[in-house]
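Student: My structure is stored as model.cif, with mmCIF, N, CA and C atoms.
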```cif
data_query
#
loop_
_atom_site.group_PDB
_atom_site.id
_atom_site.type_symbol
_atom_site.label_atom_id
_atom_site.label_comp_id
_atom_site.auth_asym_id
_atom_site.auth_seq_id
_atom_site.Cartn_x
_atom_site.Cartn_y
_atom_site.Cartn_z
ATOM 1 N N MET A 1 0.831 -1.183 0.000
ATOM 2 C CA MET A 1 0.000 0.000 0.000
ATOM 3 C C MET A 1 0.879 1.252 0.000
ATOM 4 N N LEU A 2 1.940 1.214 0.770
ATOM 5 C CA LEU A 2 2.839 2.361 0.834
ATOM 6 C C LEU A 2 3.482 2.632 -0.524
ATOM 7 N N LEU A 3 3.885 1.564 -1.212
ATOM 8 C CA LEU A 3 4.469 1.733 -2.547
ATOM 9 C C LEU A 3 3.446 2.290 -3.535
ATOM 10 N N LEU A 4 2.212 1.828 -3.429
ATOM 11 C CA LEU A 4 1.156 2.321 -4.311
ATOM 12 C C LEU A 4 0.905 3.805 -4.073
ATOM 13 N N MET A 5 0.902 4.218 -2.811
ATOM 14 C CA MET A 5 0.708 5.630 -2.498
ATOM 15 C C MET A 5 1.902 6.464 -2.993
ATOM 16 N N HIS A 6 3.089 5.900 -2.880
ATOM 17 C CA HIS A 6 4.287 6.625 -3.294
ATOM 18 C C HIS A 6 4.318 6.825 -4.812
ATOM 19 N N PHE A 7 3.959 5.801 -5.558
ATOM 20 C CA PHE A 7 4.031 5.855 -7.015
ATOM 21 C C PHE A 7 2.717 6.263 -7.676
ATOM 22 N N ALA A 8 1.735 6.701 -6.918
ATOM 23 C CA ALA A 8 0.428 7.056 -7.473
ATOM 24 C C ALA A 8 0.501 8.138 -8.549
ATOM 25 N N PRO A 9 1.242 9.238 -8.347
ATOM 26 C CA PRO A 9 1.306 10.240 -9.421
ATOM 27 C C PRO A 9 1.919 9.680 -10.709
ATOM 28 N N TRP A 10 2.950 8.893 -10.585
ATOM 29 C CA TRP A 10 3.587 8.289 -11.758
ATOM 30 C C TRP A 10 2.629 7.327 -12.456
ATOM 31 N N LEU A 11 1.906 6.528 -11.652
ATOM 32 C CA LEU A 11 0.951 5.584 -12.227
ATOM 33 C C LEU A 11 -0.183 6.310 -12.945
ATOM 34 N N LYS A 12 -0.641 7.431 -12.387
ATOM 35 C CA LYS A 12 -1.711 8.196 -13.026
ATOM 36 C C LYS A 12 -1.296 8.696 -14.398
ATOM 37 N N ARG A 13 -0.035 9.087 -14.520
ATOM 38 C CA ARG A 13 0.444 9.575 -15.814
ATOM 39 C C ARG A 13 0.645 8.444 -16.808
ATOM 40 N N ARG A 14 1.033 7.262 -16.350
ATOM 41 C CA ARG A 14 1.421 6.175 -17.246
ATOM 42 C C ARG A 14 0.288 5.204 -17.595
ATOM 43 N N LEU A 15 -0.615 4.947 -16.676
ATOM 44 C CA LEU A 15 -1.656 3.958 -16.932
ATOM 45 C C LEU A 15 -2.746 4.535 -17.832
ATOM 46 N N PRO A 16 -3.308 3.715 -18.695
ATOM 47 C CA PRO A 16 -4.383 4.228 -19.556
ATOM 48 C C PRO A 16 -5.656 4.471 -18.752
ATOM 49 N N GLN A 17 -6.429 5.456 -19.196
ATOM 50 C CA GLN A 17 -7.695 5.741 -18.541
ATOM 51 C C GLN A 17 -8.798 5.000 -19.286
ATOM 52 N N VAL A 18 -9.528 4.186 -18.563
ATOM 53 C CA VAL A 18 -10.631 3.434 -19.142
ATOM 54 C C VAL A 18 -11.910 4.155 -18.738
ATOM 55 N N GLN A 19 -12.533 4.814 -19.720
ATOM 56 C CA GLN A 19 -13.697 5.667 -19.445
ATOM 57 C C GLN A 19 -14.845 4.893 -18.808
ATOM 58 N N VAL A 20 -15.051 3.659 -19.223
ATOM 59 C CA VAL A 20 -16.141 2.854 -18.661
ATOM 60 C C VAL A 20 -15.921 2.641 -17.169
ATOM 61 N N LEU A 21 -14.701 2.296 -16.802
ATOM 62 C CA LEU A 21 -14.406 2.067 -15.382
ATOM 63 C C LEU A 21 -14.477 3.354 -14.577
ATOM 64 N N GLU A 22 -14.070 4.468 -15.177
ATOM 65 C CA GLU A 22 -14.170 5.747 -14.473
ATOM 66 C C GLU A 22 -15.632 6.119 -14.224
ATOM 67 N N THR A 23 -16.474 5.877 -15.210
ATOM 68 C CA THR A 23 -17.904 6.172 -15.038
ATOM 69 C C THR A 23 -18.506 5.291 -13.956
ATOM 70 N N LEU A 24 -18.164 4.006 -13.975
ATOM 71 C CA LEU A 24 -18.670 3.103 -12.940
ATOM 72 C C LEU A 24 -18.163 3.512 -11.557
ATOM 73 N N GLY A 25 -16.928 3.993 -11.481
ATOM 74 C CA GLY A 25 -16.372 4.420 -10.202
ATOM 75 C C GLY A 25 -17.000 5.697 -9.677
ATOM 76 N N LEU A 26 -17.360 6.611 -10.581
ATOM 77 C CA LEU A 26 -17.998 7.854 -10.143
ATOM 78 C C LEU A 26 -19.365 7.597 -9.523
ATOM 79 N N ALA A 27 -20.009 6.535 -9.952
ATOM 80 C CA ALA A 27 -21.352 6.218 -9.455
ATOM 81 C C ALA A 27 -21.324 4.893 -8.695
ATOM 82 N N ALA A 28 -20.351 4.729 -7.832
ATOM 83 C CA ALA A 28 -20.137 3.435 -7.178
ATOM 84 C C ALA A 28 -21.346 2.967 -6.363
ATOM 85 N N LEU A 29 -21.936 3.832 -5.566
ATOM 86 C CA LEU A 29 -23.055 3.402 -4.722
ATOM 87 C C LEU A 29 -24.298 3.044 -5.537
ATOM 88 N N PRO A 30 -24.728 3.884 -6.485
ATOM 89 C CA PRO A 30 -25.886 3.468 -7.291
ATOM 90 C C PRO A 30 -25.612 2.199 -8.104
ATOM 91 N N VAL A 31 -24.384 2.041 -8.592
ATOM 92 C CA VAL A 31 -24.047 0.844 -9.363
ATOM 93 C C VAL A 31 -24.079 -0.388 -8.458
ATOM 94 N N PHE A 32 -23.605 -0.250 -7.235
ATOM 95 C CA PHE A 32 -23.645 -1.377 -6.301
ATOM 96 C C PHE A 32 -25.090 -1.778 -6.014
ATOM 97 N N CYS A 33 -25.943 -0.796 -5.771
ATOM 98 C CA CYS A 33 -27.352 -1.102 -5.499
ATOM 99 C C CYS A 33 -28.020 -1.744 -6.716
ATOM 100 N N ALA A 34 -27.708 -1.226 -7.897
ATOM 101 C CA ALA A 34 -28.274 -1.810 -9.115
ATOM 102 C C ALA A 34 -27.756 -3.224 -9.333
ATOM 103 N N HIS A 35 -26.509 -3.473 -8.953
ATOM 104 C CA HIS A 35 -25.950 -4.822 -9.114
ATOM 105 C C HIS A 35 -26.701 -5.827 -8.247
ATOM 106 N N LEU A 36 -27.126 -5.402 -7.068
ATOM 107 C CA LEU A 36 -27.918 -6.298 -6.223
ATOM 108 C C LEU A 36 -29.253 -6.627 -6.884
ATOM 109 N N VAL A 37 -29.894 -5.611 -7.454
ATOM 110 C CA VAL A 37 -31.178 -5.832 -8.130
ATOM 111 C C VAL A 37 -30.989 -6.731 -9.347
ATOM 112 N N VAL A 38 -29.954 -6.469 -10.152
ATOM 113 C CA VAL A 38 -29.694 -7.272 -11.351
ATOM 114 C C VAL A 38 -29.401 -8.722 -10.969
ATOM 115 N N ALA A 39 -28.603 -8.912 -9.922
ATOM 116 C CA ALA A 39 -28.272 -10.277 -9.502
ATOM 117 C C ALA A 39 -29.514 -11.023 -9.020
ATOM 118 N N LEU A 40 -30.353 -10.360 -8.246
ATOM 119 C CA LEU A 40 -31.569 -11.018 -7.765
ATOM 120 C C LEU A 40 -32.550 -11.304 -8.904
ATOM 121 N N LEU A 41 -32.643 -10.384 -9.863
ATOM 122 C CA LEU A 41 -33.499 -10.630 -11.025
ATOM 123 C C LEU A 41 -32.990 -11.816 -11.848
ATOM 124 N N ALA A 42 -31.683 -11.872 -12.043
ATOM 125 C CA ALA A 42 -31.109 -12.982 -12.813
ATOM 126 C C ALA A 42 -31.341 -14.305 -12.099
ATOM 127 N N LEU A 43 -31.159 -14.317 -10.793
ATOM 128 C CA LEU A 43 -31.408 -15.549 -10.039
ATOM 129 C C LEU A 43 -32.885 -15.933 -10.084
ATOM 130 N N GLY A 44 -33.753 -14.940 -9.991
ATOM 131 C CA GLY A 44 -35.181 -15.223 -10.030
ATOM 132 C C GLY A 44 -35.656 -15.716 -11.387
ATOM 133 N N LEU A 45 -35.096 -15.155 -12.456
ATOM 134 C CA LEU A 45 -35.537 -15.528 -13.798
ATOM 135 C C LEU A 45 -34.864 -16.801 -14.323
ATOM 136 N N PHE A 46 -33.575 -16.955 -14.040
ATOM 137 C CA PHE A 46 -32.817 -18.055 -14.635
ATOM 138 C C PHE A 46 -32.374 -19.120 -13.638
ATOM 139 N N GLY A 47 -32.506 -18.851 -12.359
ATOM 140 C CA GLY A 47 -32.092 -19.823 -11.350
ATOM 141 C C GLY A 47 -30.580 -19.814 -11.149
ATOM 142 N N SER A 48 -30.116 -20.737 -10.339
ATOM 143 C CA SER A 48 -28.684 -20.805 -10.051
ATOM 144 C C SER A 48 -27.935 -21.431 -11.232
ATOM 145 N N VAL A 49 -26.649 -21.601 -11.057
ATOM 146 C CA VAL A 49 -25.793 -22.132 -12.115
ATOM 147 C C VAL A 49 -26.224 -23.552 -12.469
ATOM 148 N N ARG A 50 -26.390 -23.764 -13.768
ATOM 149 C CA ARG A 50 -26.726 -25.109 -14.259
ATOM 150 C C ARG A 50 -25.762 -25.445 -15.385
ATOM 151 N N PRO A 51 -25.062 -26.559 -15.281
ATOM 152 C CA PRO A 51 -24.109 -26.915 -16.336
ATOM 153 C C PRO A 51 -24.780 -27.188 -17.690
ATOM 154 N N ASP A 52 -26.046 -27.575 -17.689
ATOM 155 C CA ASP A 52 -26.717 -27.877 -18.953
ATOM 156 C C ASP A 52 -27.246 -26.634 -19.676
ATOM 157 N N ARG A 53 -27.175 -25.454 -19.034
ATOM 158 C CA ARG A 53 -27.647 -24.227 -19.678
ATOM 159 C C ARG A 53 -26.642 -23.825 -20.762
ATOM 160 N N PRO A 54 -27.117 -23.396 -21.915
ATOM 161 C CA PRO A 54 -26.202 -23.011 -22.994
ATOM 162 C C PRO A 54 -25.327 -21.817 -22.598
ATOM 163 N N LEU A 55 -24.125 -21.810 -23.126
ATOM 164 C CA LEU A 55 -23.196 -20.717 -22.864
ATOM 165 C C LEU A 55 -23.764 -19.390 -23.364
ATOM 166 N N SER A 56 -24.519 -19.423 -24.447
ATOM 167 C CA SER A 56 -25.083 -18.188 -25.003
ATOM 168 C C SER A 56 -26.035 -17.518 -24.008
ATOM 169 N N VAL A 57 -26.769 -18.295 -23.243
ATOM 170 C CA VAL A 57 -27.678 -17.717 -22.236
ATOM 171 C C VAL A 57 -26.865 -17.075 -21.118
ATOM 172 N N ASP A 58 -25.810 -17.747 -20.674
ATOM 173 C CA ASP A 58 -24.952 -17.166 -19.632
ATOM 174 C C ASP A 58 -24.298 -15.873 -20.105
ATOM 175 N N LEU A 59 -23.837 -15.850 -21.355
ATOM 176 C CA LEU A 59 -23.224 -14.629 -21.889
ATOM 177 C C LEU A 59 -24.253 -13.516 -22.027
ATOM 178 N N LEU A 60 -25.457 -13.864 -22.410
ATOM 179 C CA LEU A 60 -26.523 -12.868 -22.494
ATOM 180 C C LEU A 60 -26.815 -12.259 -21.122
ATOM 181 N N ILE A 61 -26.875 -13.101 -20.101
ATOM 182 C CA ILE A 61 -27.088 -12.612 -18.737
ATOM 183 C C ILE A 61 -25.947 -11.687 -18.320
ATOM 184 N N LEU A 62 -24.729 -12.092 -18.606
ATOM 185 C CA LEU A 62 -23.547 -11.318 -18.225
ATOM 186 C C LEU A 62 -23.530 -9.947 -18.908
ATOM 187 N N PHE A 63 -23.678 -9.928 -20.218
ATOM 188 C CA PHE A 63 -23.585 -8.658 -20.941
ATOM 189 C C PHE A 63 -24.789 -7.765 -20.678
ATOM 190 N N THR A 64 -25.960 -8.329 -20.495
ATOM 191 C CA THR A 64 -27.127 -7.529 -20.141
ATOM 192 C C THR A 64 -26.941 -6.895 -18.764
ATOM 193 N N GLY A 65 -26.386 -7.657 -17.838
ATOM 194 C CA GLY A 65 -26.121 -7.127 -16.501
ATOM 195 C C GLY A 65 -25.115 -5.990 -16.530
ATOM 196 N N PHE A 66 -24.018 -6.172 -17.276
ATOM 197 C CA PHE A 66 -23.021 -5.101 -17.384
ATOM 198 C C PHE A 66 -23.601 -3.866 -18.062
ATOM 199 N N TYR A 67 -24.413 -4.075 -19.095
ATOM 200 C CA TYR A 67 -25.032 -2.939 -19.771
ATOM 201 C C TYR A 67 -25.965 -2.187 -18.821
ATOM 202 N N ALA A 68 -26.732 -2.906 -18.041
ATOM 203 C CA ALA A 68 -27.638 -2.268 -17.076
ATOM 204 C C ALA A 68 -26.854 -1.471 -16.037
ATOM 205 N N LEU A 69 -25.758 -2.020 -15.557
ATOM 206 C CA LEU A 69 -24.945 -1.307 -14.569
ATOM 207 C C LEU A 69 -24.330 -0.048 -15.171
ATOM 208 N N TYR A 70 -23.863 -0.143 -16.416
ATOM 209 C CA TYR A 70 -23.281 1.030 -17.067
ATOM 210 C C TYR A 70 -24.354 2.086 -17.314
ATOM 211 N N ALA A 71 -25.555 1.669 -17.677
ATOM 212 C CA ALA A 71 -26.649 2.619 -17.879
ATOM 213 C C ALA A 71 -26.998 3.338 -16.575
ATOM 214 N N VAL A 72 -27.019 2.606 -15.476
ATOM 215 C CA VAL A 72 -27.274 3.219 -14.165
ATOM 216 C C VAL A 72 -26.179 4.229 -13.841
ATOM 217 N N ALA A 73 -24.933 3.880 -14.122
ATOM 218 C CA ALA A 73 -23.816 4.789 -13.841
ATOM 219 C C ALA A 73 -23.923 6.055 -14.681
ATOM 220 N N ARG A 74 -24.218 5.921 -15.966
ATOM 221 C CA ARG A 74 -24.348 7.099 -16.835
ATOM 222 C C ARG A 74 -25.486 7.997 -16.360
ATOM 223 N N PHE A 75 -26.621 7.392 -16.007
ATOM 224 C CA PHE A 75 -27.763 8.162 -15.526
ATOM 225 C C PHE A 75 -27.407 8.893 -14.231
ATOM 226 N N SER A 76 -26.733 8.204 -13.321
ATOM 227 C CA SER A 76 -26.378 8.797 -12.028
ATOM 228 C C SER A 76 -25.383 9.944 -12.195
ATOM 229 N N VAL A 77 -24.382 9.763 -13.033
ATOM 230 C CA VAL A 77 -23.387 10.817 -13.260
ATOM 231 C C VAL A 77 -24.040 12.024 -13.919
ATOM 232 N N ALA A 78 -24.911 11.789 -14.887
ATOM 233 C CA ALA A 78 -25.611 12.905 -15.545
ATOM 234 C C ALA A 78 -26.492 13.654 -14.558
ATOM 235 N N ARG A 79 -27.192 12.924 -13.706
ATOM 236 C CA ARG A 79 -28.053 13.566 -12.700
ATOM 237 C C ARG A 79 -27.223 14.392 -11.718
ATOM 238 N N ASP A 80 -26.082 13.852 -11.286
ATOM 239 C CA ASP A 80 -25.218 14.593 -10.369
ATOM 240 C C ASP A 80 -24.678 15.863 -11.012
ATOM 241 N N ARG A 81 -24.326 15.780 -12.295
ATOM 242 C CA ARG A 81 -23.822 16.975 -12.990
ATOM 243 C C ARG A 81 -24.915 18.023 -13.149
ATOM 244 N N ARG A 82 -26.147 17.584 -13.449
ATOM 245 C CA ARG A 82 -27.248 18.543 -13.551
ATOM 246 C C ARG A 82 -27.512 19.219 -12.210
ATOM 247 N N LYS A 83 -27.475 18.442 -11.132
ATOM 248 C CA LYS A 83 -27.698 19.021 -9.802
ATOM 249 C C LYS A 83 -26.595 20.009 -9.454
ATOM 250 N N ALA A 84 -25.345 19.696 -9.793
ATOM 251 C CA ALA A 84 -24.228 20.602 -9.500
ATOM 252 C C ALA A 84 -24.346 21.884 -10.317
ATOM 253 N N ALA A 85 -24.761 21.777 -11.580
ATOM 254 C CA ALA A 85 -24.921 22.967 -12.414
ATOM 255 C C ALA A 85 -26.064 23.840 -11.897
ATOM 256 N N ARG A 86 -27.162 23.211 -11.487
ATOM 257 C CA ARG A 86 -28.293 23.958 -10.943
ATOM 258 C C ARG A 86 -27.898 24.648 -9.641
ATOM 259 N N LYS A 87 -27.118 23.972 -8.826
ATOM 260 C CA LYS A 87 -26.690 24.563 -7.558
ATOM 261 C C LYS A 87 -25.737 25.725 -7.797
ATOM 262 N N ALA A 88 -24.898 25.630 -8.826
ATOM 263 C CA ALA A 88 -23.964 26.714 -9.135
ATOM 264 C C ALA A 88 -24.708 27.946 -9.656
ATOM 265 N N ARG A 89 -25.829 27.753 -10.352
ATOM 266 C CA ARG A 89 -26.612 28.873 -10.873
ATOM 267 C C ARG A 89 -27.466 29.533 -9.807
ATOM 268 N N THR A 90 -27.877 28.782 -8.800
ATOM 269 C CA THR A 90 -28.774 29.294 -7.768
ATOM 270 C C THR A 90 -27.974 30.125 -6.770
ATOM 271 N N PRO A 91 -28.406 31.364 -6.495
ATOM 272 C CA PRO A 91 -27.697 32.173 -5.506
ATOM 273 C C PRO A 91 -27.882 31.608 -4.100
ATOM 274 N N GLY A 92 -26.961 31.943 -3.241
ATOM 275 C CA GLY A 92 -26.995 31.463 -1.865
ATOM 276 C C GLY A 92 -28.166 32.023 -1.087
ATOM 277 N N PRO A 93 -28.393 31.534 0.147
ATOM 278 C CA PRO A 93 -29.556 31.967 0.927
ATOM 279 C C PRO A 93 -29.494 33.433 1.352
ATOM 280 N N GLY A 94 -28.324 34.025 1.464
ATOM 281 C CA GLY A 94 -28.216 35.423 1.883
ATOM 282 C C GLY A 94 -28.215 36.398 0.730
ATOM 283 N N HIS A 95 -28.278 35.904 -0.479
ATOM 284 C CA HIS A 95 -28.219 36.761 -1.660
ATOM 285 C C HIS A 95 -29.592 37.346 -1.965
ATOM 286 N N MET A 96 -29.650 38.668 -2.165
ATOM 287 C CA MET A 96 -30.924 39.313 -2.503
ATOM 288 C C MET A 96 -30.856 39.807 -3.933
ATOM 289 N N ARG A 97 -31.957 39.655 -4.634
ATOM 290 C CA ARG A 97 -32.047 40.189 -5.984
ATOM 291 C C ARG A 97 -32.240 41.696 -5.896
ATOM 292 N N PRO A 98 -31.812 42.433 -6.927
ATOM 293 C CA PRO A 98 -31.972 43.909 -6.894
ATOM 294 C C PRO A 98 -33.432 44.322 -6.750
ATOM 295 N N SER A 99 -34.382 43.577 -7.264
ATOM 296 C CA SER A 99 -35.786 43.973 -7.163
ATOM 297 C C SER A 99 -36.349 43.735 -5.765
ATOM 298 N N GLU A 100 -35.651 42.934 -4.937
ATOM 299 C CA GLU A 100 -36.150 42.650 -3.589
ATOM 300 C C GLU A 100 -35.647 43.639 -2.556
ATOM 301 N N SER A 101 -34.692 44.507 -2.920
ATOM 302 C CA SER A 101 -34.166 45.444 -1.923
ATOM 303 C C SER A 101 -35.178 46.558 -1.692
ATOM 304 N N SER A 102 -35.201 47.076 -0.485
ATOM 305 C CA SER A 102 -36.202 48.107 -0.159
ATOM 306 C C SER A 102 -35.652 49.487 -0.252
#
```
What's the structure tokens form of this structure?
Tutor:
Amino acid sequence: MLLLMHFAPWLKRRLPQVQVLETLGLAALPVFCAHLVVALLALGLFGSVRPDRPLSVDLLILFTGFYALYAVARFSVARDRRKAARKARTPGPGHMRPSESS
């Protein structure tokens, strides 16, 4: 851990940035909650692991789950950015508009 902390700036410059992983990381809590829902839905619809199930069905479950998680992350990041922009435009509680002054 100490080595990782020491070399973190160097690693940031050298390692490639994977936009998908960054988006998932920005929305970690909503993605985690969605992963629980996706996992329970998959278990409810398809049951537990069965060796006789075709590989194509397992891959469909996997890629659909990842797509759903990425969609949740994109939605969450967009919502957070809209809220931050709205908050930046809104004046603080002590700010008075010129028409409100007496």
Student: Which of these residues is nearest to Pro30 of chain A, using only N, CA and C atoms: A:Arg50, A:Leu69, A:Phe7, A:Arg81?
Tutor: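 Checking each candidate against Pro30 of chain A, we get A:Leu69 as the closest.
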Student: Please compute the atom CA of Phe66 of chain A-atom CA of Cys33 of chain A distance, one decimal, in Å.
Tutor: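 Separation between atom CA of Phe66 of chain A and atom CA of Cys33 of chain A: 13.3 Å.
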Student: Measure the distance from atom N of His35 of chain A to atom C of Ala68 of chain A in Å and round it to one decimal.
Tutor: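 Between atom N of His35 of chain A and atom C of Ala68 of chain A the gap is 7.4 Å.
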Student: Name the closest residue to Asp80 of chain A among the candidates A:Val49, A:Ala27, A:Leu11, A:Val20; distances are taken between atoms, counting only C-alpha atoms.
Tutor: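 Checking each candidate against Asp80 of chain A, we get A:Ala27 as the closest.
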Student: Just the number, please: distance in Å from atom CA of Leu60 of chain A to atom CA of Ser48 of chain A, one decimal.
Tutor: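 Going from atom CA of Leu60 of chain A over to atom CA of Ser48 of chain A covers 14.9 Å.
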Student: Select from chain A everything DSSP, run on the backbone, classes as helix (DSSP H, G or I), then give the selection as a ChimeraX atom specification.
Tutor: /A:2-6,8-14,19-26,28-46,55-89,98-100
Student: Report the residues retrieved by the PyMOL selection byres ((chain A and resi 72) around 8) from the displayed file, expressed as a ChimeraX atom specification.
Tutor: /A:23-24,27,30-31,34,66-71,73-78
